[in-house]
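S.K.: The structure file upload_9.cif (mmCIF, C-alpha atoms) is provided below.
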```
data_upload
#
loop_
_atom_site.label_atom_id
_atom_site.label_comp_id
_atom_site.auth_asym_id
_atom_site.auth_seq_id
_atom_site.Cartn_x
_atom_site.Cartn_y
_atom_site.Cartn_z
CA LEU A 1 18.11 36.53 -35.37
CA ALA A 2 15.46 39.15 -34.80
CA ALA A 3 14.16 41.43 -32.07
CA ASN A 4 10.72 39.85 -31.90
CA SER A 5 8.41 38.04 -29.49
CA THR A 6 10.41 34.81 -29.76
CA ALA A 7 13.59 36.59 -28.68
CA ALA A 8 11.75 38.23 -25.79
CA LEU A 9 10.32 34.87 -24.73
CA ALA A 10 13.78 33.27 -24.86
CA LEU A 11 15.19 36.04 -22.65
CA ILE A 12 12.40 35.78 -20.08
CA ASN A 13 12.57 31.99 -20.02
CA SER A 14 16.34 32.07 -19.48
CA TYR A 15 15.94 34.17 -16.33
CA GLN A 16 12.92 32.16 -15.23
CA ALA A 17 14.64 28.78 -15.43
CA ALA A 18 17.87 30.06 -13.87
CA ALA A 19 15.99 31.58 -10.93
CA SER A 20 13.79 28.55 -10.24
CA CYS A 21 16.74 26.19 -10.55
CA LEU A 22 18.87 28.35 -8.24
CA VAL A 23 16.23 28.40 -5.49
CA THR A 24 15.49 24.69 -5.85
CA TRP A 25 19.20 23.86 -5.80
CA MET A 26 19.68 25.80 -2.56
CA MET A 27 16.70 24.07 -0.98
CA ILE A 28 18.08 20.65 -1.92
CA GLU A 29 21.49 21.64 -0.60
CA ARG A 30 19.90 22.80 2.65
CA ILE A 31 18.11 19.46 3.06
CA PHE A 32 21.10 17.22 2.36
CA ARG A 33 24.02 19.36 3.54
CA LYS A 34 22.28 21.33 6.28
CA ARG A 35 23.50 24.66 4.93
CA TRP A 36 23.35 27.05 2.01
CA SER A 37 26.39 27.98 -0.05
CA ALA A 38 27.25 30.67 -2.57
CA ILE A 39 28.87 28.06 -4.80
CA GLY A 40 25.67 26.03 -4.72
CA ALA A 41 23.62 29.07 -5.68
CA VAL A 42 25.87 29.89 -8.63
CA THR A 43 25.91 26.24 -9.71
CA GLY A 44 22.13 26.10 -9.60
CA ALA A 45 21.85 29.21 -11.76
CA VAL A 46 24.29 27.84 -14.34
CA VAL A 47 22.52 24.48 -14.43
CA GLY A 48 19.22 26.29 -15.00
CA LEU A 49 20.70 28.24 -17.90
CA VAL A 50 22.07 25.06 -19.46
CA ILE A 51 18.74 23.27 -19.08
CA ILE A 52 16.72 26.05 -20.71
CA THR A 53 19.14 26.62 -23.60
CA PRO A 54 17.54 24.15 -26.07
CA ALA A 55 14.03 25.22 -25.04
CA ALA A 56 14.30 28.97 -24.48
CA GLY A 57 12.18 30.07 -27.44
CA PHE A 58 9.86 27.06 -27.55
CA VAL A 59 8.33 26.73 -24.08
CA SER A 60 6.05 28.94 -22.04
CA THR A 61 7.25 30.90 -19.01
CA ILE A 62 5.50 28.39 -16.75
CA GLY A 63 7.25 25.60 -18.64
CA ALA A 64 10.63 27.29 -18.15
CA PHE A 65 9.88 27.70 -14.44
CA ALA A 66 9.00 24.01 -14.15
CA MET A 67 12.07 22.95 -16.16
CA GLY A 68 14.30 24.79 -13.69
CA ILE A 69 12.74 23.02 -10.72
CA ILE A 70 12.66 19.57 -12.29
CA GLY A 71 16.12 19.98 -13.77
CA ALA A 72 17.65 20.86 -10.41
CA MET A 73 16.19 17.73 -8.82
CA MET A 74 17.38 15.56 -11.71
CA VAL A 75 20.89 16.97 -12.03
CA TYR A 76 21.87 17.47 -8.36
CA PRO A 77 22.49 13.73 -7.65
CA PHE A 78 25.00 13.54 -10.50
CA PHE A 79 27.19 16.10 -8.75
CA GLN A 80 27.48 13.64 -5.86
CA PHE A 81 28.18 10.64 -8.10
CA THR A 82 30.95 12.42 -10.01
CA SER A 83 32.72 13.81 -6.93
CA ARG A 84 35.58 11.31 -7.40
CA ILE A 85 36.16 12.26 -11.03
CA ASP A 86 39.01 14.67 -11.72
CA ASP A 87 36.69 17.45 -12.86
CA SER A 88 37.40 20.43 -10.64
CA LEU A 89 34.76 22.66 -12.26
CA ASP A 90 32.09 19.93 -12.47
CA THR A 91 31.96 20.50 -16.21
CA PHE A 92 30.43 17.14 -17.11
CA PRO A 93 27.44 17.17 -14.72
CA CYS A 94 26.92 20.92 -15.08
CA HIS A 95 26.96 21.02 -18.88
CA GLY A 96 26.77 17.45 -20.15
CA ILE A 97 24.12 16.01 -17.84
CA SER A 98 22.19 19.29 -17.61
CA GLY A 99 22.25 19.67 -21.38
CA PHE A 100 20.88 16.17 -21.84
CA PHE A 101 18.02 16.68 -19.39
CA GLY A 102 17.30 20.09 -20.87
CA THR A 103 17.00 18.53 -24.31
CA MET A 104 14.69 15.82 -23.01
CA LEU A 105 12.53 18.28 -21.07
CA THR A 106 12.17 20.33 -24.24
CA GLY A 107 10.42 17.33 -25.75
CA CYS A 108 7.98 17.47 -22.83
CA PHE A 109 7.34 21.21 -22.46
CA ALA A 110 7.58 22.45 -26.06
CA MET A 111 4.39 24.32 -26.91
CA GLU A 112 4.39 22.78 -30.38
CA GLY A 113 4.64 19.01 -30.37
CA GLY A 114 5.62 18.61 -26.73
CA LEU A 115 4.46 15.63 -24.69
CA PHE A 116 2.52 17.79 -22.24
CA TYR A 117 0.83 19.68 -25.07
CA GLY A 118 -0.69 16.67 -26.78
CA GLY A 119 2.18 15.98 -29.16
CA GLY A 120 2.81 12.47 -27.93
CA PHE A 121 6.26 10.92 -27.75
CA LYS A 122 7.39 11.83 -31.27
CA LEU A 123 9.33 14.98 -30.33
CA LEU A 124 10.61 13.43 -27.10
CA LEU A 125 12.00 10.45 -29.04
CA ALA A 126 13.59 12.75 -31.62
CA GLN A 127 15.22 14.74 -28.80
CA PHE A 128 16.61 11.55 -27.27
CA VAL A 129 18.06 10.32 -30.56
CA ALA A 130 19.63 13.72 -31.22
CA SER A 131 21.13 13.81 -27.71
CA MET A 132 22.70 10.38 -28.13
CA ALA A 133 24.10 11.31 -31.54
CA VAL A 134 25.65 14.51 -30.22
CA ALA A 135 27.05 12.71 -27.15
CA ALA A 136 28.66 10.03 -29.32
CA TYR A 137 30.15 12.61 -31.70
CA ALA A 138 31.46 14.74 -28.83
CA ALA A 139 32.99 11.73 -27.06
CA PHE A 140 34.67 10.47 -30.24
CA MET A 141 36.10 13.82 -31.28
CA SER A 142 37.18 14.72 -27.74
CA THR A 143 39.04 11.43 -27.48
CA LEU A 144 40.86 12.05 -30.77
CA ILE A 145 41.80 15.58 -29.76
CA PHE A 146 43.00 14.41 -26.34
CA LEU A 147 45.14 11.61 -27.79
CA PHE A 148 46.73 14.01 -30.27
CA ILE A 149 47.52 16.57 -27.58
CA LYS A 150 48.87 13.80 -25.32
CA PHE A 151 51.19 12.72 -28.11
CA VAL A 152 52.74 16.17 -28.62
CA MET A 153 52.70 17.66 -25.11
CA ARG A 154 51.87 17.08 -21.47
CA THR A 155 48.18 16.91 -20.67
CA ARG A 156 48.62 17.59 -16.97
CA VAL A 157 50.86 19.80 -14.88
CA HIS A 158 53.41 18.36 -12.47
CA LYS A 159 52.02 17.03 -9.20
CA ASP A 160 53.85 19.57 -7.03
CA TRP A 161 52.58 22.41 -9.23
CA GLU A 162 49.05 21.12 -8.91
CA ASP A 163 49.33 20.84 -5.13
CA ALA A 164 50.78 24.33 -4.77
CA GLY A 165 48.29 25.91 -7.14
CA LEU A 166 48.88 27.26 -10.64
CA ASP A 167 47.41 30.62 -9.69
CA GLU A 168 50.51 31.44 -7.65
CA LEU A 169 53.15 29.52 -9.60
CA VAL A 170 52.08 30.79 -13.03
CA HIS A 171 50.28 34.06 -12.37
CA GLY A 172 52.04 35.12 -9.18
CA GLU A 173 48.85 35.70 -7.19
CA SER A 174 46.36 33.74 -5.15
CA ALA A 175 42.93 33.14 -6.66
CA TYR A 176 41.43 31.86 -3.42
CA VAL A 177 41.66 33.02 0.18
CA HIS A 178 42.46 29.56 1.48
CA SER A 179 45.49 29.06 -0.71
CA PRO A 180 47.59 25.94 0.00
CA THR A 181 50.79 27.98 0.07
CA LYS A 182 49.61 30.92 2.16
CA SER A 183 48.07 31.32 5.57
CA TYR A 184 45.41 33.95 6.15
CA SER A 185 44.62 33.10 9.75
CA SER A 186 43.41 35.93 11.92
CA PRO A 187 45.41 37.07 14.98
CA THR A 188 44.93 34.81 17.98
CA LYS A 189 45.95 34.84 21.60
CA SER A 190 49.00 32.78 20.76
CA THR A 191 49.98 35.32 18.12
CA HIS A 192 49.71 38.16 20.63
CA ALA A 193 51.66 36.09 23.14
CA ASN A 194 54.42 35.53 20.59
CA GLN A 195 54.52 39.24 19.83
CA GLU A 196 54.80 40.06 23.56
CA SER A 197 57.51 37.43 23.90
CA ASP A 198 59.44 38.91 20.97
CA SER A 199 59.07 42.37 22.50
CA SER A 200 60.38 41.17 25.88
CA THR A 201 63.31 39.47 24.18
CA SER A 202 64.18 42.67 22.30
CA GLU A 203 64.05 44.71 25.54
CA SER A 204 66.29 42.25 27.38
CA GLU A 205 68.77 42.26 24.50
CA ALA A 206 68.80 46.05 24.55
CA SER A 207 69.43 46.07 28.33
CA THR A 208 72.25 43.58 27.96
CA SER A 209 73.91 45.64 25.27
CA ASN A 210 73.70 48.78 27.43
CA VAL A 211 75.42 46.97 30.29
#
```
Would you mind writing the structure in this file as structure tokens?

M.R.:
Amino acid sequence: LAANSTAALALINSYQAAASCLVTWMMIERIFRKRWSAIGAVTGAVVGLVIITPAAGFVSTIGAFAMGIIGAMMVYPFFQFTSRIDDSLDTFPCHGISGFFGTMLTGCFAMEGGLFYGGGFKLLLAQFVASMAVAAYAAFMSTLIFLFIKFVMRTRVHKDWEDAGLDELVHGESAYVHSPTKSYSSPTKSTHANQESDSSTSESEASTSNV
């Protein structure tokens, strides 16, 4: 670690890739979903940061910008394919898939030995082999850890707890406005009508008691 030009380049590239990926992600979302979303913007920024992580100090700023754009287009479809997987935070496509593509794009945009800089396929092939090795190791170890935890304790909360939301049952507060157990609807005409009806009922009860 050092405060030098490589560190400065890594910092600039991180912002560059995150920004280009965020904008590209929102444009893709606009095309396919007909609207923007704050969640989409945040997801795009995180995906951009994951993609640039293996390449931050080894690519140019233009390369980082391009990696953000290309990465967004490559990763976005996987969020649609994995929508049926029980992964509420989209951890696998956001970090696993994005990390893989970021590693592969490093083999293309690296200023030393990269495919687009005359280095041929040597670095790209090495990046692919390394990605597969890491994926296999992570899958194997994660499976062992999961099986051990499953043997000694529950690996999932009760269904009714999950439906109600752990934020309220465990922490005693709602993490989201549209909580399953609370209603935050704004006052409507029917609400005002009910209030007027309750008021009329109270007045009639008061008159009856006076009589």

S.K.: Need the neighbours of (19.0, 17.9, -11.9): which residues are at most 10 Å away, counting all atoms listed in the file, as a count of residues only?

M.R.: 26

S.K.: One decimal, Å: what's the distance from atom CA of Leu105 of chain A over to atom CA of Ile12 of chain A, could you say?

M.R.: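 So the answer is 17.5 Å.
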
S.K.: Expressed in Å to a single decimal, how great is the separation between atom CA of Met104 of chain A and atom CA of Ala136 of chain A?

M.R.: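 Separation between atom CA of Met104 of chain A and atom CA of Ala136 of chain A: 16.4 Å.
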
S.K.: Separation of atom CA of Val23 of chain A and atom CA of Ile62 of chain A, in Å?

M.R.: 15.6 Å

S.K.: What would the selection look like, as an MDAnalysis selection string, if the PyMOL selection byres ((chain A and resi 120-130) around 9) were run on the coordinates I just shared?

M.R.: chainID A and resid 100 103:108 110 113:119 131:135

S.K.: Which is closer to Trp36 of chain A than all the others in A:Leu22, A:Val50, A:Ala164, A:Ala7, using only C-alpha atoms?

M.R.: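 Among A:Leu22, A:Val50, A:Ala164, A:Ala7, it is A:Leu22 that comes nearest to Trp36 of chain A.
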
S.K.: Pull out every residue that the PyMOL selection byres ((chain A and resi 11) around 12) matches in the shown coordinates and put them as JSON, numbers by chain.

M.R.: {"A": [3, 4, 5, 6, 7, 8, 9, 10, 12, 13, 14, 15, 16, 17, 18, 49, 52, 53, 55, 56, 57, 58, 59, 60, 61, 64]}

S.K.: For the selection you just gave me, I'd like the residues written to a file as a PDB file, in the frame of the given file, keeping C-alpha atoms.

M.R.:
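Written output follows (result_36.pdb):
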```pdb
ATOM      1  CA  ALA A   3      14.160  41.430 -32.070  1.00  0.00           C
ATOM      2  CA  ASN A   4      10.720  39.850 -31.900  1.00  0.00           C
ATOM      3  CA  SER A   5       8.410  38.040 -29.490  1.00  0.00           C
ATOM      4  CA  THR A   6      10.410  34.810 -29.760  1.00  0.00           C
ATOM      5  CA  ALA A   7      13.590  36.590 -28.680  1.00  0.00           C
ATOM      6  CA  ALA A   8      11.750  38.230 -25.790  1.00  0.00           C
ATOM      7  CA  LEU A   9      10.320  34.870 -24.730  1.00  0.00           C
ATOM      8  CA  ALA A  10      13.780  33.270 -24.860  1.00  0.00           C
ATOM      9  CA  ILE A  12      12.400  35.780 -20.080  1.00  0.00           C
ATOM     10  CA  ASN A  13      12.570  31.990 -20.020  1.00  0.00           C
ATOM     11  CA  SER A  14      16.340  32.070 -19.480  1.00  0.00           C
ATOM     12  CA  TYR A  15      15.940  34.170 -16.330  1.00  0.00           C
ATOM     13  CA  GLN A  16      12.920  32.160 -15.230  1.00  0.00           C
ATOM     14  CA  ALA A  17      14.640  28.780 -15.430  1.00  0.00           C
ATOM     15  CA  ALA A  18      17.870  30.060 -13.870  1.00  0.00           C
ATOM     16  CA  LEU A  49      20.700  28.240 -17.900  1.00  0.00           C
ATOM     17  CA  ILE A  52      16.720  26.050 -20.710  1.00  0.00           C
ATOM     18  CA  THR A  53      19.140  26.620 -23.600  1.00  0.00           C
ATOM     19  CA  ALA A  55      14.030  25.220 -25.040  1.00  0.00           C
ATOM     20  CA  ALA A  56      14.300  28.970 -24.480  1.00  0.00           C
ATOM     21  CA  GLY A  57      12.180  30.070 -27.440  1.00  0.00           C
ATOM     22  CA  PHE A  58       9.860  27.060 -27.550  1.00  0.00           C
ATOM     23  CA  VAL A  59       8.330  26.730 -24.080  1.00  0.00           C
ATOM     24  CA  SER A  60       6.050  28.940 -22.040  1.00  0.00           C
ATOM     25  CA  THR A  61       7.250  30.900 -19.010  1.00  0.00           C
ATOM     26  CA  ALA A  64      10.630  27.290 -18.150  1.00  0.00           C
TER      27      ALA A  64
END
```
